[in-house]
Amino acid sequence: MELKDYVTTIPDFPKPGIMFRDITTVVSSAEGLKMSIDQMVDQLKNIDFDLVAGSESRGFVFGTPVAYALGKGFVLVRKKGKLPRETISQEYDLEYGTATLEMHKDAIKPGDKVVIVDDLIATGGTTEAMIKMIERLGGKVVKICFVMELAGLGGRDRLNGYDVTSLIRYEGK
């Protein structure tokens with residue numbers, strides 16, 4: 001089986017015309033989860049980096065085992081108000097409004113090379129917010145890895161200039 005075979009597609013969710021790609025069936029399958037982590041690890045074998053960063057919550061699911069497999073630390077990026085120490089924050093646009101992500105101010109040191117891992121790239125707003133925080137702390141984003149990409153939403157264009165890969169690419173939205 002291919003990794004794509006573990007993704008369940010739900011037509012017309014959350015509204016008509018949308019093909020929802022459900023990642024939970026990848027992680028609920030031992031084979032699908034192992035395949036996704038192994039493939040991400042393979043993409044990073046020749047990349048020089050210090051840390052993996054992932055956003056709440058599915059970025060934690062994929063990023064932590066990737067960091068573990070490669071002997072790297074993991075940086076948690078969370079919704080506003082969820083981290084206990086001093087943080088930096090970045091607001092980003094949603095379809096109807098804005099949201100804010102935070103990370104600990106001491107999570108990235110100047111010169112740290114960081115890989116961002118997440119489950120999905122759609123519009124790219126979450127990842128762009130993470131990049132801004134990492135760079136504000138003096139880090140350098142050296143690669144961005146996604147399990148799935150919804151190419152029709154143009155998120156990759158928003159991340160122009162960064163090394164972006166996805167394990168599965170869907171042409172639509």
# chains A, B, ... in the order shown; residues from 1 in each chain; ligands from 1

call {"tool": "residues_around", "arguments": {"residues": "region 29-43 of chain A", "least_positions_apart": "6", "cutoff": "8 Å", "atoms": "only C-alpha atoms", "output": "PDB file with all heavy atoms, in the first residue's frame"}}
result
ATOM      1  N   LEU A   3       1.114   5.455   1.087  1.00  0.00           N
ATOM      2  CA  LEU A   3       0.635   6.288   2.186  1.00  0.00           C
ATOM      3  C   LEU A   3      -0.738   6.876   1.882  1.00  0.00           C
ATOM      4  O   LEU A   3      -1.615   6.926   2.748  1.00  0.00           O
ATOM      5  CB  LEU A   3       1.647   7.396   2.487  1.00  0.00           C
ATOM      6  CG  LEU A   3       1.335   8.287   3.672  1.00  0.00           C
ATOM      7  CD1 LEU A   3       1.174   7.470   4.954  1.00  0.00           C
ATOM      8  CD2 LEU A   3       2.426   9.327   3.843  1.00  0.00           C
ATOM      9  N   TYR A   6      -3.957   5.209   3.049  1.00  0.00           N
ATOM     10  CA  TYR A   6      -4.379   5.266   4.454  1.00  0.00           C
ATOM     11  C   TYR A   6      -5.223   6.499   4.769  1.00  0.00           C
ATOM     12  O   TYR A   6      -5.800   6.590   5.851  1.00  0.00           O
ATOM     13  CB  TYR A   6      -3.157   5.229   5.377  1.00  0.00           C
ATOM     14  CG  TYR A   6      -2.462   3.894   5.360  1.00  0.00           C
ATOM     15  CD1 TYR A   6      -1.355   3.684   4.541  1.00  0.00           C
ATOM     16  CD2 TYR A   6      -2.914   2.832   6.137  1.00  0.00           C
ATOM     17  CE1 TYR A   6      -0.714   2.455   4.508  1.00  0.00           C
ATOM     18  CE2 TYR A   6      -2.282   1.603   6.114  1.00  0.00           C
ATOM     19  CZ  TYR A   6      -1.181   1.420   5.294  1.00  0.00           C
ATOM     20  OH  TYR A   6      -0.556   0.208   5.262  1.00  0.00           O
ATOM     21  N   PHE A  62       3.251  14.249  14.297  1.00  0.00           N
ATOM     22  CA  PHE A  62       4.250  13.854  13.298  1.00  0.00           C
ATOM     23  C   PHE A  62       5.649  14.366  13.632  1.00  0.00           C
ATOM     24  O   PHE A  62       6.640  13.682  13.395  1.00  0.00           O
ATOM     25  CB  PHE A  62       3.815  14.313  11.902  1.00  0.00           C
ATOM     26  CG  PHE A  62       2.592  13.604  11.431  1.00  0.00           C
ATOM     27  CD1 PHE A  62       1.347  14.197  11.550  1.00  0.00           C
ATOM     28  CD2 PHE A  62       2.675  12.328  10.897  1.00  0.00           C
ATOM     29  CE1 PHE A  62       0.201  13.532  11.142  1.00  0.00           C
ATOM     30  CE2 PHE A  62       1.544  11.657  10.486  1.00  0.00           C
ATOM     31  CZ  PHE A  62       0.295  12.255  10.612  1.00  0.00           C
ATOM     32  N   PRO A  65       7.882  12.264  16.729  1.00  0.00           N
ATOM     33  CA  PRO A  65       8.590  11.030  16.364  1.00  0.00           C
ATOM     34  C   PRO A  65       9.702  11.250  15.337  1.00  0.00           C
ATOM     35  O   PRO A  65      10.704  10.540  15.339  1.00  0.00           O
ATOM     36  CB  PRO A  65       7.506  10.103  15.821  1.00  0.00           C
ATOM     37  CG  PRO A  65       6.294  10.921  15.631  1.00  0.00           C
ATOM     38  CD  PRO A  65       6.451  12.169  16.436  1.00  0.00           C
ATOM     39  N   VAL A  66       9.547  12.244  14.478  1.00  0.00           N
ATOM     40  CA  VAL A  66      10.617  12.572  13.520  1.00  0.00           C
ATOM     41  C   VAL A  66      11.835  13.083  14.294  1.00  0.00           C
ATOM     42  O   VAL A  66      12.974  12.649  14.048  1.00  0.00           O
ATOM     43  CB  VAL A  66      10.133  13.597  12.471  1.00  0.00           C
ATOM     44  CG1 VAL A  66      11.301  14.160  11.683  1.00  0.00           C
ATOM     45  CG2 VAL A  66       9.109  12.959  11.527  1.00  0.00           C
ATOM     46  N   ALA A  69      13.472  10.140  16.122  1.00  0.00           N
ATOM     47  CA  ALA A  69      14.177   9.226  15.213  1.00  0.00           C
ATOM     48  C   ALA A  69      15.522   9.794  14.773  1.00  0.00           C
ATOM     49  O   ALA A  69      16.458   9.035  14.502  1.00  0.00           O
ATOM     50  CB  ALA A  69      13.305   8.911  14.001  1.00  0.00           C
ATOM     51  N   LEU A  70      15.613  11.119  14.687  1.00  0.00           N
ATOM     52  CA  LEU A  70      16.838  11.752  14.208  1.00  0.00           C
ATOM     53  C   LEU A  70      17.686  12.355  15.336  1.00  0.00           C
ATOM     54  O   LEU A  70      18.682  13.031  15.075  1.00  0.00           O
ATOM     55  CB  LEU A  70      16.492  12.814  13.159  1.00  0.00           C
ATOM     56  CG  LEU A  70      15.897  12.223  11.867  1.00  0.00           C
ATOM     57  CD1 LEU A  70      15.345  13.319  10.973  1.00  0.00           C
ATOM     58  CD2 LEU A  70      16.939  11.388  11.133  1.00  0.00           C
ATOM     59  N   CYS A 145       8.299  20.116   6.077  1.00  0.00           N
ATOM     60  CA  CYS A 145       7.760  18.832   5.626  1.00  0.00           C
ATOM     61  C   CYS A 145       6.304  18.681   6.046  1.00  0.00           C
ATOM     62  O   CYS A 145       5.966  18.886   7.216  1.00  0.00           O
ATOM     63  CB  CYS A 145       8.544  17.677   6.247  1.00  0.00           C
ATOM     64  SG  CYS A 145      10.285  17.646   5.866  1.00  0.00           S
ATOM     65  N   VAL A 147       2.753  16.026   5.626  1.00  0.00           N
ATOM     66  CA  VAL A 147       2.236  14.735   5.188  1.00  0.00           C
ATOM     67  C   VAL A 147       1.396  14.952   3.935  1.00  0.00           C
ATOM     68  O   VAL A 147       1.580  14.269   2.934  1.00  0.00           O
ATOM     69  CB  VAL A 147       1.408  14.038   6.290  1.00  0.00           C
ATOM     70  CG1 VAL A 147       0.818  12.721   5.769  1.00  0.00           C
ATOM     71  CG2 VAL A 147       2.265  13.784   7.529  1.00  0.00           C
ATOM     72  N   LEU A 167       4.422  14.576   1.411  1.00  0.00           N
ATOM     73  CA  LEU A 167       4.410  13.156   1.067  1.00  0.00           C
ATOM     74  C   LEU A 167       3.273  12.826   0.113  1.00  0.00           C
ATOM     75  O   LEU A 167       3.403  11.943  -0.722  1.00  0.00           O
ATOM     76  CB  LEU A 167       4.296  12.307   2.340  1.00  0.00           C
ATOM     77  CG  LEU A 167       5.374  12.519   3.403  1.00  0.00           C
ATOM     78  CD1 LEU A 167       5.105  11.639   4.612  1.00  0.00           C
ATOM     79  CD2 LEU A 167       6.757  12.269   2.827  1.00  0.00           C
TER      80      LEU A 167
END

call {"tool": "residues_around", "arguments": {"residues": "Glu95 (chain A)", "least_positions_apart": "4", "cutoff": "12 Å", "atoms": "only C-alpha atoms", "output": "PDB file with all heavy atoms, in the first residue's frame"}}
result
ATOM      1  N   ALA A  99      -6.049  34.264  14.251  1.00  0.00           N
ATOM      2  CA  ALA A  99      -5.655  33.414  15.372  1.00  0.00           C
ATOM      3  C   ALA A  99      -4.219  33.790  15.734  1.00  0.00           C
ATOM      4  O   ALA A  99      -3.544  34.494  14.981  1.00  0.00           O
ATOM      5  CB  ALA A  99      -5.754  31.944  15.000  1.00  0.00           C
ATOM      6  N   ALA A 122      -2.415  23.852   3.634  1.00  0.00           N
ATOM      7  CA  ALA A 122      -3.576  24.316   2.870  1.00  0.00           C
ATOM      8  C   ALA A 122      -3.243  25.716   2.357  1.00  0.00           C
ATOM      9  O   ALA A 122      -2.623  25.864   1.317  1.00  0.00           O
ATOM     10  CB  ALA A 122      -4.824  24.286   3.749  1.00  0.00           C
ATOM     11  N   THR A 123      -3.568  26.741   3.125  1.00  0.00           N
ATOM     12  CA  THR A 123      -3.257  28.116   2.701  1.00  0.00           C
ATOM     13  C   THR A 123      -1.852  28.548   3.109  1.00  0.00           C
ATOM     14  O   THR A 123      -1.347  29.540   2.608  1.00  0.00           O
ATOM     15  CB  THR A 123      -4.263  29.114   3.293  1.00  0.00           C
ATOM     16  OG1 THR A 123      -4.111  29.128   4.712  1.00  0.00           O
ATOM     17  CG2 THR A 123      -5.696  28.760   2.894  1.00  0.00           C
ATOM     18  N   GLY A 125      -0.904  29.684   6.112  1.00  0.00           N
ATOM     19  CA  GLY A 125      -0.885  30.730   7.135  1.00  0.00           C
ATOM     20  C   GLY A 125      -0.251  30.306   8.445  1.00  0.00           C
ATOM     21  O   GLY A 125       0.526  31.067   9.041  1.00  0.00           O
ATOM     22  N   LEU A 153      -5.112  25.251  -2.860  1.00  0.00           N
ATOM     23  CA  LEU A 153      -5.257  26.394  -1.959  1.00  0.00           C
ATOM     24  C   LEU A 153      -4.030  27.306  -1.952  1.00  0.00           C
ATOM     25  O   LEU A 153      -4.021  28.337  -1.284  1.00  0.00           O
ATOM     26  CB  LEU A 153      -5.577  25.913  -0.538  1.00  0.00           C
ATOM     27  CG  LEU A 153      -6.951  25.234  -0.414  1.00  0.00           C
ATOM     28  CD1 LEU A 153      -7.141  24.647   0.968  1.00  0.00           C
ATOM     29  CD2 LEU A 153      -8.072  26.214  -0.741  1.00  0.00           C
TER      30      LEU A 153
END

call {"tool": "residues_around", "arguments": {"residues": "Ile10 (chain A)", "least_positions_apart": "2", "cutoff": "9 Å", "atoms": "only C-alpha atoms", "output": "MDAnalysis selection string"}}
result
chainID A and resid 8 12:14 18:22

call {"tool": "atom_distance", "arguments": {"atom1": "CA of Lys79 (chain A)", "atom2": "CA of Lys4 (chain A)"}}
result
28.9 Å

call {"tool": "closest_atom_pairs", "arguments": {"of": "region 94-149 of chain A", "to": "region 53-61 of chain A", "cutoff": "6 Å", "atoms": "only C-alpha atoms", "output": "Markdown table"}}
result
| residue | atom | partner | partner_atom | distance |
| --- | --- | --- | --- | --- |
| A:Ile116 | CA | A:Ala53 | CA | 4.8 |
| A:Val117 | CA | A:Gly54 | CA | 5.3 |
| A:Asp118 | CA | A:Gly59 | CA | 4.1 |
| A:Asp119 | CA | A:Arg58 | CA | 5.9 |

call {"tool": "write_last_selection", "arguments": {"atoms": "all heavy atoms", "output": "PDB file, in the first residue's frame"}}
result
ATOM      1  N   ILE A 116      10.437  22.439  10.092  1.00  0.00           N
ATOM      2  CA  ILE A 116       9.031  22.480  10.492  1.00  0.00           C
ATOM      3  C   ILE A 116       8.351  21.233   9.940  1.00  0.00           C
ATOM      4  O   ILE A 116       8.510  20.896   8.764  1.00  0.00           O
ATOM      5  CB  ILE A 116       8.336  23.745   9.954  1.00  0.00           C
ATOM      6  CG1 ILE A 116       8.933  24.996  10.598  1.00  0.00           C
ATOM      7  CG2 ILE A 116       6.821  23.671  10.189  1.00  0.00           C
ATOM      8  CD1 ILE A 116       8.418  26.306  10.027  1.00  0.00           C
ATOM      9  N   VAL A 117       7.603  20.546  10.806  1.00  0.00           N
ATOM     10  CA  VAL A 117       6.859  19.350  10.407  1.00  0.00           C
ATOM     11  C   VAL A 117       5.395  19.560  10.766  1.00  0.00           C
ATOM     12  O   VAL A 117       5.075  19.967  11.884  1.00  0.00           O
ATOM     13  CB  VAL A 117       7.407  18.077  11.107  1.00  0.00           C
ATOM     14  CG1 VAL A 117       6.510  16.879  10.852  1.00  0.00           C
ATOM     15  CG2 VAL A 117       8.829  17.785  10.650  1.00  0.00           C
ATOM     16  N   ASP A 118       4.510  19.265   9.824  1.00  0.00           N
ATOM     17  CA  ASP A 118       3.071  19.366  10.087  1.00  0.00           C
ATOM     18  C   ASP A 118       2.326  18.346   9.241  1.00  0.00           C
ATOM     19  O   ASP A 118       2.898  17.758   8.319  1.00  0.00           O
ATOM     20  CB  ASP A 118       2.568  20.777   9.796  1.00  0.00           C
ATOM     21  CG  ASP A 118       1.381  21.170  10.678  1.00  0.00           C
ATOM     22  OD1 ASP A 118       0.749  20.280  11.301  1.00  0.00           O
ATOM     23  OD2 ASP A 118       1.068  22.364  10.738  1.00  0.00           O
ATOM     24  N   ASP A 119       1.059  18.174   9.556  1.00  0.00           N
ATOM     25  CA  ASP A 119       0.269  17.181   8.834  1.00  0.00           C
ATOM     26  C   ASP A 119      -0.191  17.682   7.474  1.00  0.00           C
ATOM     27  O   ASP A 119      -0.289  16.903   6.534  1.00  0.00           O
ATOM     28  CB  ASP A 119      -0.941  16.741   9.659  1.00  0.00           C
ATOM     29  CG  ASP A 119      -2.004  17.816   9.798  1.00  0.00           C
ATOM     30  OD1 ASP A 119      -1.640  18.999   9.985  1.00  0.00           O
ATOM     31  OD2 ASP A 119      -3.200  17.489   9.722  1.00  0.00           O
TER      32      ASP A 119
END

call {"tool": "select_by_dssp", "arguments": {"residues": "region 15-102 of chain A", "states": "strand (DSSP E)", "output": "ChimeraX atom specification"}}
result
/A:19-22,51-55,73-79,87-94,97-102

call {"tool": "write_last_selection", "arguments": {"atoms": "N, CA, C and O atoms", "output": "tab-separated table (two decimals), in the first residue's frame"}}
result
chain	number	residue	atom	x	y	z
A	19	MET	N	-13.63	18.15	-0.48
A	19	MET	CA	-13.19	16.76	-0.27
A	19	MET	C	-12.28	16.79	0.96
A	19	MET	O	-11.11	17.16	0.87
A	20	PHE	N	-12.81	16.40	2.13
A	20	PHE	CA	-12.05	16.45	3.36
A	20	PHE	C	-11.10	15.26	3.42
A	20	PHE	O	-11.53	14.11	3.27
A	21	ARG	N	-9.82	15.52	3.64
A	21	ARG	CA	-8.81	14.46	3.72
A	21	ARG	C	-8.52	14.21	5.20
A	21	ARG	O	-7.93	15.03	5.88
A	22	ASP	N	-8.96	13.06	5.68
A	22	ASP	CA	-8.89	12.72	7.11
A	22	ASP	C	-7.58	12.02	7.44
A	22	ASP	O	-7.36	10.87	7.05
A	51	LEU	N	16.80	21.40	15.33
A	51	LEU	CA	15.51	21.23	16.00
A	51	LEU	C	14.40	20.97	14.99
A	51	LEU	O	14.48	21.40	13.85
A	52	VAL	N	13.35	20.31	15.48
A	52	VAL	CA	12.10	20.17	14.74
A	52	VAL	C	11.06	21.01	15.47
A	52	VAL	O	10.98	20.98	16.70
A	53	ALA	N	10.26	21.76	14.72
A	53	ALA	CA	9.16	22.54	15.30
A	53	ALA	C	7.85	22.05	14.70
A	53	ALA	O	7.79	21.74	13.50
A	54	GLY	N	6.83	21.97	15.53
A	54	GLY	CA	5.51	21.56	15.06
A	54	GLY	C	4.43	22.30	15.79
A	54	GLY	O	4.58	22.65	16.97
A	55	SER	N	3.33	22.56	15.09
A	55	SER	CA	2.23	23.31	15.70
A	55	SER	C	1.16	22.37	16.22
A	55	SER	O	0.98	21.25	15.74
A	73	GLY	N	15.86	17.82	19.19
A	73	GLY	CA	14.85	18.34	20.10
A	73	GLY	C	13.61	18.76	19.34
A	73	GLY	O	13.64	18.93	18.11
A	74	PHE	N	12.52	18.94	20.08
A	74	PHE	CA	11.24	19.33	19.47
A	74	PHE	C	10.72	20.60	20.12
A	74	PHE	O	10.69	20.71	21.34
A	75	VAL	N	10.30	21.56	19.30
A	75	VAL	CA	9.76	22.84	19.76
A	75	VAL	C	8.25	22.84	19.55
A	75	VAL	O	7.76	22.65	18.43
A	76	LEU	N	7.52	23.05	20.65
A	76	LEU	CA	6.07	23.11	20.59
A	76	LEU	C	5.61	24.51	20.23
A	76	LEU	O	6.02	25.48	20.88
A	77	VAL	N	4.76	24.61	19.23
A	77	VAL	CA	4.12	25.87	18.85
A	77	VAL	C	2.64	25.68	19.18
A	77	VAL	O	2.00	24.78	18.65
A	78	ARG	N	2.13	26.55	20.06
A	78	ARG	CA	0.78	26.34	20.58
A	78	ARG	C	-0.11	27.55	20.37
A	78	ARG	O	0.35	28.64	20.05
A	79	LYS	N	-1.39	27.31	20.60
A	79	LYS	CA	-2.35	28.40	20.58
A	79	LYS	C	-2.06	29.34	21.75
A	79	LYS	O	-1.50	28.93	22.77
A	87	THR	N	6.78	33.93	26.26
A	87	THR	CA	6.56	33.52	24.87
A	87	THR	C	6.72	34.69	23.91
A	87	THR	O	6.70	35.84	24.32
A	88	ILE	N	6.85	34.35	22.64
A	88	ILE	CA	6.63	35.31	21.57
A	88	ILE	C	5.39	34.82	20.83
A	88	ILE	O	5.03	33.64	20.91
A	89	SER	N	4.73	35.72	20.12
A	89	SER	CA	3.50	35.34	19.45
A	89	SER	C	3.47	35.90	18.03
A	89	SER	O	4.18	36.84	17.70
A	90	GLN	N	2.61	35.28	17.24
A	90	GLN	CA	2.41	35.72	15.86
A	90	GLN	C	0.95	35.51	15.50
A	90	GLN	O	0.44	34.40	15.58
A	91	GLU	N	0.31	36.59	15.10
A	91	GLU	CA	-1.07	36.52	14.63
A	91	GLU	C	-1.08	36.15	13.15
A	91	GLU	O	-0.17	36.52	12.41
A	92	TYR	N	-2.09	35.41	12.72
A	92	TYR	CA	-2.23	35.06	11.31
A	92	TYR	C	-3.70	35.01	10.95
A	92	TYR	O	-4.57	34.92	11.82
A	93	ASP	N	-3.97	35.10	9.66
A	93	ASP	CA	-5.35	35.17	9.17
A	93	ASP	C	-5.97	33.79	9.03
A	93	ASP	O	-5.31	32.84	8.59
A	94	LEU	N	-7.23	33.72	9.41
A	94	LEU	CA	-8.07	32.55	9.17
A	94	LEU	C	-9.12	32.95	8.13
A	94	LEU	O	-9.21	34.11	7.74
A	97	GLY	N	-11.49	35.67	10.29
A	97	GLY	CA	-10.89	36.26	11.47
A	97	GLY	C	-9.39	35.98	11.55
A	97	GLY	O	-8.74	35.76	10.54
A	98	THR	N	-8.88	35.99	12.79
A	98	THR	CA	-7.45	35.77	13.01
A	98	THR	C	-7.26	34.79	14.16
A	98	THR	O	-8.19	34.55	14.95
A	99	ALA	N	-6.05	34.26	14.25
A	99	ALA	CA	-5.65	33.41	15.37
A	99	ALA	C	-4.22	33.79	15.73
A	99	ALA	O	-3.54	34.49	14.98
A	100	THR	N	-3.78	33.32	16.88
A	100	THR	CA	-2.43	33.62	17.34
A	100	THR	C	-1.74	32.35	17.79
A	100	THR	O	-2.32	31.54	18.52
A	101	LEU	N	-0.50	32.19	17.34
A	101	LEU	CA	0.36	31.10	17.79
A	101	LEU	C	1.44	31.66	18.70
A	101	LEU	O	1.83	32.83	18.56
A	102	GLU	N	1.92	30.82	19.61
A	102	GLU	CA	3.00	31.21	20.50
A	102	GLU	C	4.04	30.10	20.61
A	102	GLU	O	3.73	28.93	20.42

call {"tool": "select_by_dssp", "arguments": {"residues": "region 54-103 of chain A", "states": "helix (DSSP H, G or I)", "output": "MDAnalysis selection string"}}
result
chainID A and resid 58:69

call {"tool": "residues_around", "arguments": {"residues": "Tyr162 (chain A)", "least_positions_apart": "2", "cutoff": "9 Å", "atoms": "only C-alpha atoms", "output": "ChimeraX atom specification"}}
result
/A:141-144,159-160,164

call {"tool": "residues_around", "arguments": {"residues": "Tyr170 (chain A)", "least_positions_apart": "5", "cutoff": "9 Å", "atoms": "only C-alpha atoms", "output": "PDB file with all heavy atoms, in the first residue's frame"}}
result
ATOM      1  N   MET A 148       0.475  15.924   3.979  1.00  0.00           N
ATOM      2  CA  MET A 148      -0.432  16.166   2.854  1.00  0.00           C
ATOM      3  C   MET A 148      -0.380  17.624   2.410  1.00  0.00           C
ATOM      4  O   MET A 148      -0.180  18.508   3.224  1.00  0.00           O
ATOM      5  CB  MET A 148      -1.884  15.845   3.239  1.00  0.00           C
ATOM      6  CG  MET A 148      -2.141  14.403   3.568  1.00  0.00           C
ATOM      7  SD  MET A 148      -3.902  14.062   3.818  1.00  0.00           S
ATOM      8  CE  MET A 148      -4.283  15.053   5.239  1.00  0.00           C
ATOM      9  N   GLU A 149      -0.647  17.824   1.131  1.00  0.00           N
ATOM     10  CA  GLU A 149      -0.715  19.168   0.557  1.00  0.00           C
ATOM     11  C   GLU A 149      -1.990  19.294  -0.265  1.00  0.00           C
ATOM     12  O   GLU A 149      -2.263  18.457  -1.128  1.00  0.00           O
ATOM     13  CB  GLU A 149       0.500  19.409  -0.343  1.00  0.00           C
ATOM     14  CG  GLU A 149       0.486  20.748  -1.034  1.00  0.00           C
ATOM     15  CD  GLU A 149       1.747  21.003  -1.858  1.00  0.00           C
ATOM     16  OE1 GLU A 149       2.669  20.170  -1.849  1.00  0.00           O
ATOM     17  OE2 GLU A 149       1.781  22.058  -2.515  1.00  0.00           O
ATOM     18  N   LEU A 150      -2.760  20.337   0.022  1.00  0.00           N
ATOM     19  CA  LEU A 150      -3.924  20.681  -0.792  1.00  0.00           C
ATOM     20  C   LEU A 150      -3.463  21.771  -1.753  1.00  0.00           C
ATOM     21  O   LEU A 150      -3.553  22.958  -1.469  1.00  0.00           O
ATOM     22  CB  LEU A 150      -5.082  21.153   0.085  1.00  0.00           C
ATOM     23  CG  LEU A 150      -5.550  20.171   1.163  1.00  0.00           C
ATOM     24  CD1 LEU A 150      -6.694  20.766   1.968  1.00  0.00           C
ATOM     25  CD2 LEU A 150      -5.936  18.830   0.568  1.00  0.00           C
ATOM     26  N   ALA A 151      -2.936  21.352  -2.891  1.00  0.00           N
ATOM     27  CA  ALA A 151      -2.258  22.265  -3.816  1.00  0.00           C
ATOM     28  C   ALA A 151      -3.174  23.369  -4.331  1.00  0.00           C
ATOM     29  O   ALA A 151      -2.714  24.483  -4.597  1.00  0.00           O
ATOM     30  CB  ALA A 151      -1.665  21.481  -4.981  1.00  0.00           C
ATOM     31  N   GLY A 152      -4.460  23.082  -4.454  1.00  0.00           N
ATOM     32  CA  GLY A 152      -5.404  24.060  -4.981  1.00  0.00           C
ATOM     33  C   GLY A 152      -5.589  25.287  -4.104  1.00  0.00           C
ATOM     34  O   GLY A 152      -6.147  26.290  -4.543  1.00  0.00           O
TER      35      GLY A 152
END
